[in-house]
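Trainee: This is the content of data-v5.txt (compact mmCIF, C-alpha atoms):
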```txt
# COMPACT_ATOMS: atom_id res chain seq x y z
CA MET X 1 -9.12 -78.75 171.96
CA LYS X 2 -9.47 -77.99 168.24
CA ASN X 3 -5.87 -76.77 168.08
CA ASN X 4 -4.68 -80.04 169.60
CA ILE X 5 -6.69 -82.07 167.08
CA ILE X 6 -5.28 -80.01 164.19
CA LYS X 7 -1.74 -80.39 165.54
CA GLY X 8 -2.20 -84.13 166.02
CA SER X 9 -3.69 -84.50 162.54
CA ILE X 10 -0.69 -82.76 160.97
CA LEU X 11 1.75 -84.97 162.91
CA VAL X 12 -0.05 -88.19 161.93
CA ALA X 13 -0.31 -87.06 158.29
CA LEU X 14 3.42 -86.29 158.20
CA GLY X 15 4.25 -89.66 159.77
CA SER X 16 2.12 -91.63 157.33
CA SER X 17 3.42 -89.59 154.38
CA SER X 18 6.97 -90.48 155.44
CA TYR X 19 6.07 -94.17 155.32
CA GLY X 20 4.43 -93.58 151.95
CA MET X 21 7.68 -92.32 150.43
CA LEU X 22 9.70 -95.30 151.61
CA ALA X 23 9.00 -97.93 148.94
CA THR X 24 9.89 -95.51 146.13
CA PHE X 25 13.29 -94.85 147.70
CA VAL X 26 13.82 -98.59 148.11
CA LYS X 27 13.02 -99.15 144.42
CA MET X 28 15.54 -96.45 143.51
CA ALA X 29 18.16 -98.21 145.65
CA TYR X 30 17.36 -101.48 143.87
CA LYS X 31 18.05 -99.76 140.55
CA GLU X 32 21.56 -99.09 141.85
CA HIS X 33 21.89 -102.87 142.45
CA TYR X 34 21.61 -102.80 146.24
CA THR X 35 19.97 -105.84 147.84
CA THR X 36 17.12 -106.18 150.34
CA ALA X 37 19.69 -107.21 152.96
CA GLU X 38 21.74 -104.06 152.39
CA VAL X 39 18.66 -101.83 152.38
CA THR X 40 17.09 -103.20 155.57
CA ILE X 41 20.31 -103.63 157.61
CA SER X 42 21.52 -100.10 156.80
CA GLN X 43 18.10 -98.53 157.40
CA PHE X 44 17.58 -100.10 160.82
CA THR X 45 21.22 -99.63 161.90
CA LEU X 46 21.12 -95.90 161.26
CA GLY X 47 17.61 -95.83 162.74
CA VAL X 48 18.90 -97.27 166.02
CA ILE X 49 21.86 -94.85 166.05
CA GLY X 50 19.63 -91.85 165.30
CA LEU X 51 17.06 -92.74 167.97
CA LEU X 52 19.81 -93.47 170.49
CA LEU X 53 21.31 -90.01 169.93
CA LEU X 54 17.88 -88.39 170.22
CA SER X 55 17.26 -90.36 173.43
CA LEU X 56 20.59 -89.27 174.93
CA PHE X 57 20.11 -85.59 174.15
CA SER X 58 16.37 -85.28 174.80
CA ARG X 59 15.11 -83.83 178.05
CA ASN X 60 12.76 -86.40 179.53
CA LYS X 61 10.40 -85.68 182.37
CA PRO X 62 11.37 -87.41 185.61
CA GLN X 63 9.59 -90.73 185.97
CA ALA X 64 8.02 -92.12 189.10
CA PRO X 65 10.05 -94.97 190.66
CA ASP X 66 7.45 -97.57 189.66
CA ALA X 67 7.46 -96.22 186.06
CA ALA X 68 11.22 -96.59 185.56
CA PRO X 69 12.19 -98.64 182.51
CA LYS X 70 12.38 -102.33 183.36
CA TRP X 71 14.05 -105.11 181.40
CA LYS X 72 10.67 -106.79 181.10
CA SER X 73 9.20 -103.76 179.30
CA ILE X 74 12.29 -103.38 177.12
CA THR X 75 12.20 -107.06 176.17
CA LYS X 76 8.51 -106.81 175.24
CA LEU X 77 9.17 -103.75 173.08
CA MET X 78 12.05 -105.46 171.31
CA ALA X 79 9.93 -108.56 170.74
CA ALA X 80 7.19 -106.37 169.23
CA GLY X 81 9.87 -104.67 167.13
CA THR X 82 10.71 -107.97 165.42
CA SER X 83 7.38 -107.82 163.61
CA MET X 84 8.29 -104.29 162.49
CA GLY X 85 11.57 -105.63 161.08
CA LEU X 86 9.75 -108.48 159.32
CA THR X 87 7.29 -105.98 157.84
CA SER X 88 10.16 -104.09 156.19
CA VAL X 89 11.82 -107.27 154.92
CA PHE X 90 8.61 -108.66 153.40
CA TYR X 91 7.48 -105.29 152.01
CA TYR X 92 10.83 -104.56 150.36
CA LEU X 93 10.94 -108.06 148.90
CA SER X 94 7.44 -107.56 147.47
CA VAL X 95 8.32 -104.34 145.61
CA GLN X 96 11.15 -106.19 143.87
CA TYR X 97 8.48 -108.01 141.88
CA ILE X 98 5.48 -105.66 141.77
CA PRO X 99 4.88 -101.91 141.38
CA VAL X 100 4.89 -99.75 144.51
CA SER X 101 1.24 -98.84 143.88
CA VAL X 102 0.33 -102.52 144.20
CA GLY X 103 2.68 -103.15 147.15
CA ILE X 104 1.17 -100.37 149.29
CA VAL X 105 -2.36 -101.64 148.60
CA LEU X 106 -1.31 -105.13 149.74
CA LEU X 107 0.30 -103.68 152.87
CA MET X 108 -2.97 -101.93 153.69
CA GLN X 109 -4.73 -105.29 153.89
CA THR X 110 -3.70 -104.96 157.52
CA VAL X 111 -6.99 -103.04 157.97
CA TRP X 112 -9.16 -106.16 157.59
CA MET X 113 -6.49 -108.45 159.04
CA GLY X 114 -6.67 -106.32 162.19
CA VAL X 115 -10.43 -106.95 162.34
CA ILE X 116 -9.84 -110.71 162.19
CA LEU X 117 -7.04 -110.57 164.78
CA GLU X 118 -9.26 -108.50 167.08
CA MET X 119 -12.06 -111.05 166.64
CA ILE X 120 -9.72 -113.94 167.54
CA MET X 121 -8.10 -112.17 170.51
CA HIS X 122 -11.37 -110.88 172.00
CA LYS X 123 -13.55 -113.82 170.86
CA LYS X 124 -16.17 -111.40 169.58
CA LEU X 125 -17.69 -111.15 166.12
CA PRO X 126 -17.13 -107.82 164.31
CA GLY X 127 -20.08 -105.47 163.85
CA THR X 128 -21.98 -105.02 160.58
CA ARG X 129 -20.14 -101.79 159.80
CA LYS X 130 -16.74 -103.51 160.00
CA VAL X 131 -17.91 -106.44 157.86
CA ILE X 132 -19.13 -104.03 155.17
CA ALA X 133 -15.84 -102.12 155.36
CA VAL X 134 -13.86 -105.36 154.90
CA LEU X 135 -15.91 -106.26 151.80
CA ILE X 136 -15.30 -102.77 150.39
CA ILE X 137 -11.55 -103.15 151.03
CA LEU X 138 -11.47 -106.51 149.21
CA ALA X 139 -13.36 -105.01 146.24
CA GLY X 140 -11.03 -102.00 146.26
CA THR X 141 -8.00 -104.29 146.37
CA LEU X 142 -9.14 -106.15 143.24
CA LEU X 143 -9.37 -102.83 141.41
CA ALA X 144 -6.26 -101.21 142.90
CA THR X 145 -3.95 -104.18 142.17
CA ASN X 146 -5.23 -104.33 138.59
CA LEU X 147 -5.10 -108.13 138.65
CA TRP X 148 -6.89 -108.45 135.32
CA GLY X 149 -5.36 -105.40 133.66
CA ALA X 150 -3.06 -105.62 130.67
CA ALA X 151 -1.05 -102.52 131.62
CA ILE X 152 1.05 -104.31 134.24
CA THR X 153 2.18 -107.87 134.76
CA ILE X 154 1.58 -109.18 138.26
CA ASP X 155 4.29 -111.39 139.74
CA TRP X 156 2.71 -113.68 142.31
CA ARG X 157 5.92 -113.71 144.35
CA GLY X 158 5.32 -110.02 144.96
CA ILE X 159 1.71 -110.70 145.96
CA GLY X 160 2.85 -113.37 148.42
CA TRP X 161 5.53 -111.18 150.04
CA GLY X 162 3.07 -108.27 150.15
CA MET X 163 0.48 -110.31 152.03
CA LEU X 164 3.16 -111.51 154.48
CA ALA X 165 4.14 -107.86 155.00
CA ALA X 166 0.50 -107.03 155.82
CA MET X 167 0.34 -109.89 158.34
CA ALA X 168 3.57 -108.77 160.02
CA TYR X 169 2.36 -105.15 160.06
CA THR X 170 -0.92 -106.22 161.68
CA VAL X 171 1.00 -107.97 164.46
CA ALA X 172 3.36 -104.99 164.82
CA VAL X 173 0.51 -102.50 165.27
CA TYR X 174 -1.42 -104.75 167.67
CA ALA X 175 1.65 -105.73 169.72
CA SER X 176 3.27 -102.32 170.07
CA ASN X 177 0.19 -100.20 170.89
CA GLY X 178 -0.14 -101.23 174.52
CA ILE X 179 3.44 -101.98 175.58
CA ALA X 180 5.49 -99.85 178.01
CA LEU X 181 3.38 -96.72 177.55
CA HIS X 182 5.09 -95.19 180.61
CA LEU X 183 8.33 -94.80 178.61
CA PRO X 184 9.04 -91.67 176.51
CA SER X 185 8.14 -92.05 172.83
CA ILE X 186 11.79 -91.81 171.74
CA LYS X 187 12.83 -94.70 174.01
CA ARG X 188 9.85 -96.82 172.94
CA SER X 189 10.74 -96.22 169.30
CA LEU X 190 14.40 -97.03 170.00
CA TYR X 191 13.65 -100.45 171.52
CA LEU X 192 11.12 -101.27 168.79
CA VAL X 193 13.62 -100.47 166.03
CA LEU X 194 16.38 -102.32 167.90
CA GLY X 195 14.18 -105.42 167.96
CA GLY X 196 13.63 -104.99 164.23
CA LEU X 197 17.37 -104.70 163.60
CA ILE X 198 18.08 -107.90 165.55
CA ILE X 199 15.60 -109.99 163.54
CA ILE X 200 16.89 -108.50 160.26
CA ILE X 201 20.49 -109.39 161.15
CA CYS X 202 19.35 -112.92 162.07
CA ILE X 203 17.72 -113.26 158.63
CA PHE X 204 20.49 -111.70 156.57
CA HIS X 205 23.59 -112.53 158.66
CA ALA X 206 25.04 -114.51 155.75
CA SER X 207 25.05 -111.29 153.68
CA LEU X 208 27.43 -109.53 156.10
CA THR X 209 30.50 -110.45 154.08
CA ALA X 210 33.13 -108.59 152.08
CA ASP X 211 30.56 -108.33 149.27
CA PHE X 212 28.18 -106.26 151.42
CA GLY X 213 27.66 -102.87 149.73
CA PHE X 214 28.58 -100.54 152.60
CA SER X 215 28.22 -97.57 150.25
CA ILE X 216 24.46 -97.81 150.84
CA PHE X 217 25.01 -96.21 154.25
CA TRP X 218 25.77 -92.86 152.66
CA ARG X 219 23.79 -93.40 149.43
CA TRP X 220 20.34 -94.35 150.78
CA ALA X 221 20.41 -95.38 154.45
CA ILE X 222 20.15 -91.84 155.81
CA VAL X 223 16.97 -91.17 153.80
CA LEU X 224 15.50 -94.62 154.51
CA SER X 225 16.17 -94.47 158.26
CA LEU X 226 14.85 -90.91 158.55
CA PHE X 227 11.57 -91.59 156.71
CA GLY X 228 11.19 -95.23 157.79
CA THR X 229 12.46 -95.73 161.34
CA ILE X 230 12.95 -92.33 163.00
CA LEU X 231 10.28 -89.83 161.96
CA PRO X 232 7.14 -92.04 161.66
CA PRO X 233 7.25 -93.63 165.15
CA LEU X 234 7.97 -90.28 166.79
CA LEU X 235 5.29 -88.43 164.80
CA PHE X 236 2.69 -91.14 165.46
CA THR X 237 3.41 -91.35 169.20
CA MET X 238 3.07 -87.56 169.45
CA GLY X 239 0.07 -87.22 167.13
CA MET X 240 -2.16 -90.20 167.93
CA PRO X 241 -2.91 -89.17 171.56
CA LEU X 242 -4.13 -85.80 170.25
CA THR X 243 -6.34 -87.17 167.44
CA GLY X 244 -7.56 -90.39 169.05
CA VAL X 245 -7.16 -93.78 167.41
CA GLY X 246 -10.22 -93.47 165.15
CA LEU X 247 -9.39 -90.12 163.56
CA GLY X 248 -5.69 -91.04 163.56
CA ALA X 249 -6.37 -94.21 161.55
CA ILE X 250 -8.35 -92.22 158.98
CA ILE X 251 -5.59 -89.64 158.55
CA ALA X 252 -2.88 -92.34 158.45
CA ALA X 253 -4.53 -93.75 155.32
CA VAL X 254 -2.96 -90.82 153.43
CA GLU X 255 0.04 -93.16 153.17
CA ILE X 256 -1.65 -94.92 150.22
CA PRO X 257 -2.10 -91.95 147.82
CA VAL X 258 1.30 -90.52 148.85
CA SER X 259 3.00 -93.82 148.03
CA VAL X 260 1.21 -94.13 144.68
CA MET X 261 1.95 -90.52 143.70
CA MET X 262 5.64 -90.83 144.65
CA ALA X 263 5.99 -93.98 142.55
CA HIS X 264 4.15 -92.34 139.65
CA LEU X 265 6.28 -89.18 139.74
CA LEU X 266 9.73 -90.63 140.48
CA LEU X 267 9.50 -94.15 139.04
CA LYS X 268 7.02 -93.39 136.25
CA GLU X 269 4.81 -96.28 137.35
CA PRO X 270 1.49 -96.30 135.46
CA VAL X 271 -1.69 -95.93 137.51
CA ASN X 272 -5.01 -96.19 135.69
CA ALA X 273 -8.49 -94.93 136.62
CA PHE X 274 -9.62 -98.32 137.95
CA GLN X 275 -6.64 -98.42 140.32
CA TRP X 276 -7.47 -94.94 141.62
CA LEU X 277 -11.06 -96.07 142.11
CA GLY X 278 -9.83 -99.08 144.11
CA ILE X 279 -7.64 -96.83 146.26
CA ALA X 280 -10.60 -94.51 146.86
CA LEU X 281 -12.71 -97.50 147.98
CA ILE X 282 -10.02 -98.62 150.44
CA LEU X 283 -9.78 -95.09 151.87
CA ALA X 284 -13.58 -94.94 152.17
CA ALA X 285 -13.58 -98.27 154.02
CA VAL X 286 -10.98 -96.98 156.50
CA VAL X 287 -13.20 -93.96 157.18
CA LEU X 288 -16.27 -96.20 157.53
CA MET X 289 -14.51 -98.39 160.10
CA ASN X 290 -13.22 -95.53 162.23
CA ILE X 291 -15.72 -92.67 161.87
CA GLU X 292 -17.68 -93.69 164.99
CA LYS X 293 -14.72 -93.69 167.38
CA PRO X 294 -14.07 -89.94 167.45
CA LYS X 295 -17.79 -89.36 168.07
CA GLN X 296 -17.78 -91.83 170.96
CA ALA X 297 -14.71 -90.11 172.37
CA GLU X 298 -16.47 -86.73 172.22
CA LEU X 299 -19.55 -88.14 173.97
CA ALA X 300 -17.34 -89.69 176.64
CA GLY X 301 -15.59 -86.36 177.08
```
Represent the structure from my file as structure tokens, please.

Mentor:
Amino acid sequence: MKNNIIKGSILVALGSSSYGMLATFVKMAYKEHYTTAEVTISQFTLGVIGLLLLSLFSRNKPQAPDAAPKWKSITKLMAAGTSMGLTSVFYYLSVQYIPVSVGIVLLMQTVWMGVILEMIMHKKLPGTRKVIAVLIILAGTLLATNLWGAAITIDWRGIGWGMLAAMAYTVAVYASNGIALHLPSIKRSLYLVLGGLIIIICIFHASLTADFGFSIFWRWAIVLSLFGTILPPLLFTMGMPLTGVGLGAIIAAVEIPVSVMMAHLLLKEPVNAFQWLGIALILAAVVLMNIEKPKQAELAG
């Protein structure tokens, strides 16, 4: 049991760390004058190809006749994948205008947005613990984004795109968690990413001209697709069942410090003590919201 939890924790930590590296690589691609259209289209295209190859060569357990993949399940997964594609588009647009350390904090607003979505969907008010956690997250966000600091200049376009990314991410997490669970994780990931690719092409179809920088496919797309669309979904789908949702959510929050450290080391983005304090508050709030779930799971077991 403990070995499974440790294994699951490592898998979830690796998956969230992969996501955490992503925005820094995107910023580096921007410095080479690639566009959001080129970054997202190339990332999701290679992601689909990579997952398709993994799906073809993986040895899947035989499924029961009633658990065979149906077009209805595939369509639902692809529809959920559109929110994943929108998350990438909005997130990458946001880091054009703001530091990565601010962008990742905005993306993590999905924690309290998920509480609100859950309240609307289930028509039930959140508990006191969740309300306190949301207030802590909001306080941490004010510190972490350094809105009143003189060290960085905040572009409100980046704030707007970052909040849209958080909304799309909230929908992506909520929509994809309970769809077609009978399918192997590789196939689920494939259809989710395919849905993301379709919505991205719909948004940026006008960019698919002779001016499209196809060199991005061998410059950055391999790295972006590996760390953004191939490894994280597979690692999460393997790790989360072993950790449970509560512990998994706590470990997944490692994405924030990883993202900030990557941006600080590779992009030389400044991060002051108040921002680190804000990040620590957000991480504490994630723990506060999810610490009860593992205990309940143990009692149930």

Trainee: Per residue of segment 140-223 of chain X within 12 Å of segment 249-258 of chain X, what are the shortest atom pair and its distance in Å to one decimal, counting all atoms listed in the file, with rows by chain and residue number, as CSV?

Mentor:
```
residue,atom,partner,partner_atom,distance
X:Thr141,CA,X:Ile256,CA,12.0
X:Ala144,CA,X:Ile256,CA,10.7
X:Val173,CA,X:Ala249,CA,11.4
```

Trainee: Just the residues within 12 Å of Ile132 of chain X, please, counting all atoms listed in the file, with nothing from its chain fewer than 3 positions along; format it as a PyMOL selection string.

Mentor: chain X and resi 112+115+126-129+135-139+281-282+284-289

Trainee: Fewer than 3 positions away in the same chain doesn't count, so skip those; otherwise give me all residues within 8 Å of segment 215-220 of chain X, counting only C-alpha atoms, as a PyMOL selection string.

Mentor: chain X and resi 25+29+34+38-39+42-43+223-224

Trainee: Can you work out which one of X:Ile200, X:Leu14, X:Ala172, X:Ile154 has the shortest atom-to-atom distance to Met238 of chain X, counting only C-alpha atoms?

Mentor: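 Among the listed residues, the smallest separation from Met238 of chain X belongs to X:Leu14.
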
Trainee: Give as a VMD selection string each residue that has an atom at most 12 Å from (5.9, -109.9, 161.3) in the file, counting all atoms listed in the file.

Mentor: chain X and resid 79 to 91 107 110 161 to 176 195 to 196 199 to 200

Trainee: If we count only C-alpha atoms and set the cut-off at 8 Å, which residues sit around Val95 of chain X, ignoring sequence neighbours fewer than 4 positions away in its own chain? Please answer as a PyMOL selection string.

Mentor: chain X and resi 23+27+91+99-100+103+158+162

Trainee: Please write all heavy atoms of segment 199-210 of chain X, from the structure given just now, as a PDB file, in the first residue's frame.

Mentor:
```
ATOM      1  N   ILE X 199      -9.638  22.413 -31.865  1.00  0.00           N
ATOM      2  CA  ILE X 199     -10.064  23.772 -31.492  1.00  0.00           C
ATOM      3  C   ILE X 199      -8.953  24.782 -31.778  1.00  0.00           C
ATOM      4  O   ILE X 199      -9.216  25.927 -32.194  1.00  0.00           O
ATOM      5  CB  ILE X 199     -10.513  23.836 -30.006  1.00  0.00           C
ATOM      6  CG1 ILE X 199     -11.258  25.153 -29.726  1.00  0.00           C
ATOM      7  CG2 ILE X 199      -9.352  23.695 -29.060  1.00  0.00           C
ATOM      8  CD1 ILE X 199     -12.580  25.294 -30.411  1.00  0.00           C
ATOM      9  N   ILE X 200      -7.693  24.372 -31.608  1.00  0.00           N
ATOM     10  CA  ILE X 200      -6.567  25.273 -31.885  1.00  0.00           C
ATOM     11  C   ILE X 200      -6.490  25.593 -33.376  1.00  0.00           C
ATOM     12  O   ILE X 200      -6.272  26.750 -33.768  1.00  0.00           O
ATOM     13  CB  ILE X 200      -5.249  24.644 -31.381  1.00  0.00           C
ATOM     14  CG1 ILE X 200      -5.199  24.692 -29.850  1.00  0.00           C
ATOM     15  CG2 ILE X 200      -4.031  25.357 -31.973  1.00  0.00           C
ATOM     16  CD1 ILE X 200      -4.089  23.870 -29.240  1.00  0.00           C
ATOM     17  N   ILE X 201      -6.693  24.575 -34.226  1.00  0.00           N
ATOM     18  CA  ILE X 201      -6.679  24.814 -35.671  1.00  0.00           C
ATOM     19  C   ILE X 201      -7.844  25.709 -36.078  1.00  0.00           C
ATOM     20  O   ILE X 201      -7.713  26.578 -36.949  1.00  0.00           O
ATOM     21  CB  ILE X 201      -6.703  23.474 -36.441  1.00  0.00           C
ATOM     22  CG1 ILE X 201      -5.363  22.756 -36.254  1.00  0.00           C
ATOM     23  CG2 ILE X 201      -6.986  23.703 -37.920  1.00  0.00           C
ATOM     24  CD1 ILE X 201      -5.306  21.379 -36.872  1.00  0.00           C
ATOM     25  N   CYS X 202      -8.996  25.526 -35.438  1.00  0.00           N
ATOM     26  CA  CYS X 202     -10.151  26.393 -35.724  1.00  0.00           C
ATOM     27  C   CYS X 202      -9.832  27.858 -35.386  1.00  0.00           C
ATOM     28  O   CYS X 202     -10.229  28.775 -36.111  1.00  0.00           O
ATOM     29  CB  CYS X 202     -11.373  25.933 -34.925  1.00  0.00           C
ATOM     30  SG  CYS X 202     -12.103  24.391 -35.504  1.00  0.00           S
ATOM     31  N   ILE X 203      -9.099  28.064 -34.278  1.00  0.00           N
ATOM     32  CA  ILE X 203      -8.764  29.427 -33.850  1.00  0.00           C
ATOM     33  C   ILE X 203      -7.698  30.048 -34.752  1.00  0.00           C
ATOM     34  O   ILE X 203      -7.810  31.211 -35.153  1.00  0.00           O
ATOM     35  CB  ILE X 203      -8.274  29.422 -32.384  1.00  0.00           C
ATOM     36  CG1 ILE X 203      -9.423  29.032 -31.442  1.00  0.00           C
ATOM     37  CG2 ILE X 203      -7.730  30.800 -31.989  1.00  0.00           C
ATOM     38  CD1 ILE X 203      -8.959  28.760 -30.014  1.00  0.00           C
ATOM     39  N   PHE X 204      -6.681  29.255 -35.076  1.00  0.00           N
ATOM     40  CA  PHE X 204      -5.522  29.803 -35.782  1.00  0.00           C
ATOM     41  C   PHE X 204      -5.439  29.355 -37.245  1.00  0.00           C
ATOM     42  O   PHE X 204      -4.350  29.402 -37.835  1.00  0.00           O
ATOM     43  CB  PHE X 204      -4.236  29.392 -35.059  1.00  0.00           C
ATOM     44  CG  PHE X 204      -4.066  30.021 -33.706  1.00  0.00           C
ATOM     45  CD1 PHE X 204      -3.911  29.226 -32.567  1.00  0.00           C
ATOM     46  CD2 PHE X 204      -4.039  31.399 -33.549  1.00  0.00           C
ATOM     47  CE1 PHE X 204      -3.733  29.800 -31.319  1.00  0.00           C
ATOM     48  CE2 PHE X 204      -3.873  31.976 -32.296  1.00  0.00           C
ATOM     49  CZ  PHE X 204      -3.716  31.182 -31.187  1.00  0.00           C
ATOM     50  N   HIS X 205      -6.549  28.928 -37.843  1.00  0.00           N
ATOM     51  CA  HIS X 205      -6.492  28.421 -39.221  1.00  0.00           C
ATOM     52  C   HIS X 205      -5.927  29.446 -40.203  1.00  0.00           C
ATOM     53  O   HIS X 205      -5.271  29.095 -41.183  1.00  0.00           O
ATOM     54  CB  HIS X 205      -7.886  27.973 -39.681  1.00  0.00           C
ATOM     55  CG  HIS X 205      -8.871  29.073 -39.821  1.00  0.00           C
ATOM     56  ND1 HIS X 205      -9.564  29.596 -38.738  1.00  0.00           N
ATOM     57  CD2 HIS X 205      -9.276  29.785 -40.914  1.00  0.00           C
ATOM     58  CE1 HIS X 205     -10.360  30.565 -39.157  1.00  0.00           C
ATOM     59  NE2 HIS X 205     -10.196  30.712 -40.460  1.00  0.00           N
ATOM     60  N   ALA X 206      -6.180  30.733 -39.922  1.00  0.00           N
ATOM     61  CA  ALA X 206      -5.693  31.787 -40.821  1.00  0.00           C
ATOM     62  C   ALA X 206      -4.162  31.884 -40.799  1.00  0.00           C
ATOM     63  O   ALA X 206      -3.564  32.459 -41.722  1.00  0.00           O
ATOM     64  CB  ALA X 206      -6.305  33.134 -40.434  1.00  0.00           C
ATOM     65  N   SER X 207      -3.535  31.320 -39.747  1.00  0.00           N
ATOM     66  CA  SER X 207      -2.070  31.379 -39.644  1.00  0.00           C
ATOM     67  C   SER X 207      -1.379  30.283 -40.442  1.00  0.00           C
ATOM     68  O   SER X 207      -0.146  30.309 -40.605  1.00  0.00           O
ATOM     69  CB  SER X 207      -1.650  31.262 -38.167  1.00  0.00           C
ATOM     70  OG  SER X 207      -2.203  32.309 -37.407  1.00  0.00           O
ATOM     71  N   LEU X 208      -2.156  29.309 -40.926  1.00  0.00           N
ATOM     72  CA  LEU X 208      -1.578  28.192 -41.682  1.00  0.00           C
ATOM     73  C   LEU X 208      -1.342  28.615 -43.131  1.00  0.00           C
ATOM     74  O   LEU X 208      -1.977  28.135 -44.068  1.00  0.00           O
ATOM     75  CB  LEU X 208      -2.496  26.971 -41.612  1.00  0.00           C
ATOM     76  CG  LEU X 208      -2.631  26.332 -40.233  1.00  0.00           C
ATOM     77  CD1 LEU X 208      -3.741  25.287 -40.222  1.00  0.00           C
ATOM     78  CD2 LEU X 208      -1.306  25.695 -39.805  1.00  0.00           C
ATOM     79  N   THR X 209      -0.417  29.526 -43.302  1.00  0.00           N
ATOM     80  CA  THR X 209      -0.067  30.059 -44.624  1.00  0.00           C
ATOM     81  C   THR X 209       1.410  29.802 -44.885  1.00  0.00           C
ATOM     82  O   THR X 209       2.095  29.127 -44.106  1.00  0.00           O
ATOM     83  CB  THR X 209      -0.343  31.576 -44.681  1.00  0.00           C
ATOM     84  OG1 THR X 209       0.521  32.226 -43.719  1.00  0.00           O
ATOM     85  CG2 THR X 209      -1.794  31.889 -44.338  1.00  0.00           C
ATOM     86  N   ALA X 210       1.900  30.377 -45.985  1.00  0.00           N
ATOM     87  CA  ALA X 210       3.311  30.216 -46.335  1.00  0.00           C
ATOM     88  C   ALA X 210       4.221  30.850 -45.291  1.00  0.00           C
ATOM     89  O   ALA X 210       5.404  30.499 -45.181  1.00  0.00           O
ATOM     90  CB  ALA X 210       3.569  30.829 -47.709  1.00  0.00           C
TER      91      ALA X 210
END
```
